[in-house]
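One structure below.
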Amino acid sequence: MRGEQAVKNLTHFIISFLVGGLTPFILVYIASAEGFYAFINHHASWYCENCVYALLVPDIFSPLHKYFYVVTGLALLSLIAIQTLRNSRSLVSLAYASVGAVVALNYVFTPQMILMISPLAVLALNKRELGTYVIADIVNFSLIITFFEDSTLRSLFSKIIPIETGFNPWTIDSPTQWLATIRNMLILITIVASITKRSELSNPSERAFSLN
């Protein structure tokens, strides 16, 4: 009985990941196969843009960022799968966690990419988690402003801390990247919180089963 429930939970996770993660790409491919391949090739050769790995490797052109993405992405998805085996979870929660992990841990995380997970966040997160996500979204919006004001912000902060002046919003010493890191961490916190909390089972038989 427990094994059957675990298989059912894992099946839900796989379905939610495939539907939530692959559907947007399938739609793009259907709309324009040429555009889809151009999109893949473009991002495959891209640098670390607003990615969390700049904290470890400041060189935004380092290929290590892509390796970090694969390792950390698989690790978080594995954690989600393990938690799914332990407790039943809704498809929307699994979709948010899995798609959110792919986006937040990506070596390319432009401000508009948050639109891929915002609808799922509204449906999947509780009040406290959603509050954290809203803060992350506000920080994400601020990235657009600080990007164009990077030179001004660098000049201001250079009077307090030793950073280079000029326009360079892509490197980790930029205020823009400070905000990007905060945004990434906040989103990851909501993902981990949503998958590690004990799920609310829908009926008494499921609750009794979970206690056995």
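Residue numbers start at 1 in each chain; chains themselves are named A, B, ... in the order of the structure tokens; ligands are numbered from 1 in the order shown.
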
Residue neighbourhood Thr176 of chain A, 12 Å, only C-alpha atoms, exclusion window fewer than 3 positions, as JSON, numbers by chain
{"A": [49, 50, 51, 110, 111, 139, 140, 141, 142, 143, 144, 145, 146, 147, 148, 149, 150, 151, 152, 153, 154, 167, 168, 169, 170, 171, 172, 173, 179, 180, 181, 182, 183]}

If we count only C-alpha atoms and set the cut-off at 7 Å, which residues sit around segment 63-76 of chain A, ignoring sequence neighbours fewer than 6 positions away in its own chain? Please answer as an MDAnalysis selection string.
chainID A and resid 48 53 101:102 105:107

Keeping only C-alpha atoms, write the selected residues as a compact mmCIF listing (two decimals), in the first residue's frame.
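Once written, again-v6.txt looks like this:
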# COMPACT_ATOMS: atom_id res chain seq x y z
CA CYS A 48 26.02 33.88 -16.72
CA TYR A 53 26.80 30.98 -9.66
CA ALA A 101 14.10 25.13 -9.76
CA VAL A 102 14.91 25.07 -13.47
CA LEU A 105 19.12 27.82 -10.89
CA ASN A 106 19.56 28.63 -14.56
CA TYR A 107 22.77 30.31 -15.69

For segment 22-35 of chain A, work out the shell of residues within 12 Å, counting only C-alpha atoms and skipping chain neighbours fewer than 2 positions away, then give it as a VMD selection string.
chain A and resid 14 to 20 37 to 42 95 98 to 99 102 113 115 to 117

Long-range neighbours of Ser93 of chain A as a compact mmCIF listing (two decimals) with N, CA, C and O atoms, in the first residue's frame, 9 Å cut-off, only C-alpha atoms, 4 positions minimum in chain:
# COMPACT_ATOMS: atom_id res chain seq x y z
N SER A 16 3.74 16.58 -13.57
CA SER A 16 3.75 18.03 -13.36
C SER A 16 5.01 18.66 -13.93
O SER A 16 4.97 19.76 -14.50
N ARG A 89 1.48 15.34 -2.74
CA ARG A 89 1.48 16.78 -2.98
C ARG A 89 0.65 17.10 -4.22
O ARG A 89 0.51 16.27 -5.11
N ALA A 97 7.55 23.94 -7.90
CA ALA A 97 8.87 23.57 -7.39
C ALA A 97 9.81 23.14 -8.52
O ALA A 97 10.97 23.56 -8.57
N SER A 98 9.31 22.31 -9.42
CA SER A 98 10.18 21.79 -10.48
C SER A 98 10.53 22.85 -11.52
O SER A 98 11.70 23.02 -11.88
N LEU A 120 2.26 29.95 -11.27
CA LEU A 120 2.32 28.76 -10.41
C LEU A 120 2.54 29.15 -8.96
O LEU A 120 1.99 28.52 -8.05
N ALA A 121 3.33 30.21 -8.73
CA ALA A 121 3.59 30.67 -7.36
C ALA A 121 2.29 31.12 -6.69
O ALA A 121 2.05 30.80 -5.51
N LEU A 123 -0.67 30.09 -7.21
CA LEU A 123 -1.53 28.94 -6.94
C LEU A 123 -0.94 27.99 -5.90
O LEU A 123 -1.69 27.33 -5.16
N ALA A 124 0.38 27.92 -5.82
CA ALA A 124 1.01 26.87 -5.03
C ALA A 124 1.46 27.29 -3.63
O ALA A 124 1.49 26.47 -2.72
N LEU A 125 1.81 28.56 -3.45
CA LEU A 125 2.43 28.98 -2.19
C LEU A 125 1.41 29.42 -1.15
O LEU A 125 0.35 29.95 -1.50
N SER A 194 8.34 25.12 0.14
CA SER A 194 7.12 24.51 -0.37
C SER A 194 7.23 22.99 -0.50
O SER A 194 6.23 22.29 -0.42
N ILE A 195 8.45 22.48 -0.69
CA ILE A 195 8.59 21.04 -0.88
C ILE A 195 8.98 20.31 0.40
O ILE A 195 8.87 19.08 0.47

One decimal, in Å: what's the spacing between atom CA of Leu94 of chain A and atom CA of Val52 of chain A?
22.3 Å

Separation of atom CA of Val134 of chain A from atom CA of Val108 of chain A, in Å and rounded to one decimal
20.7 Å
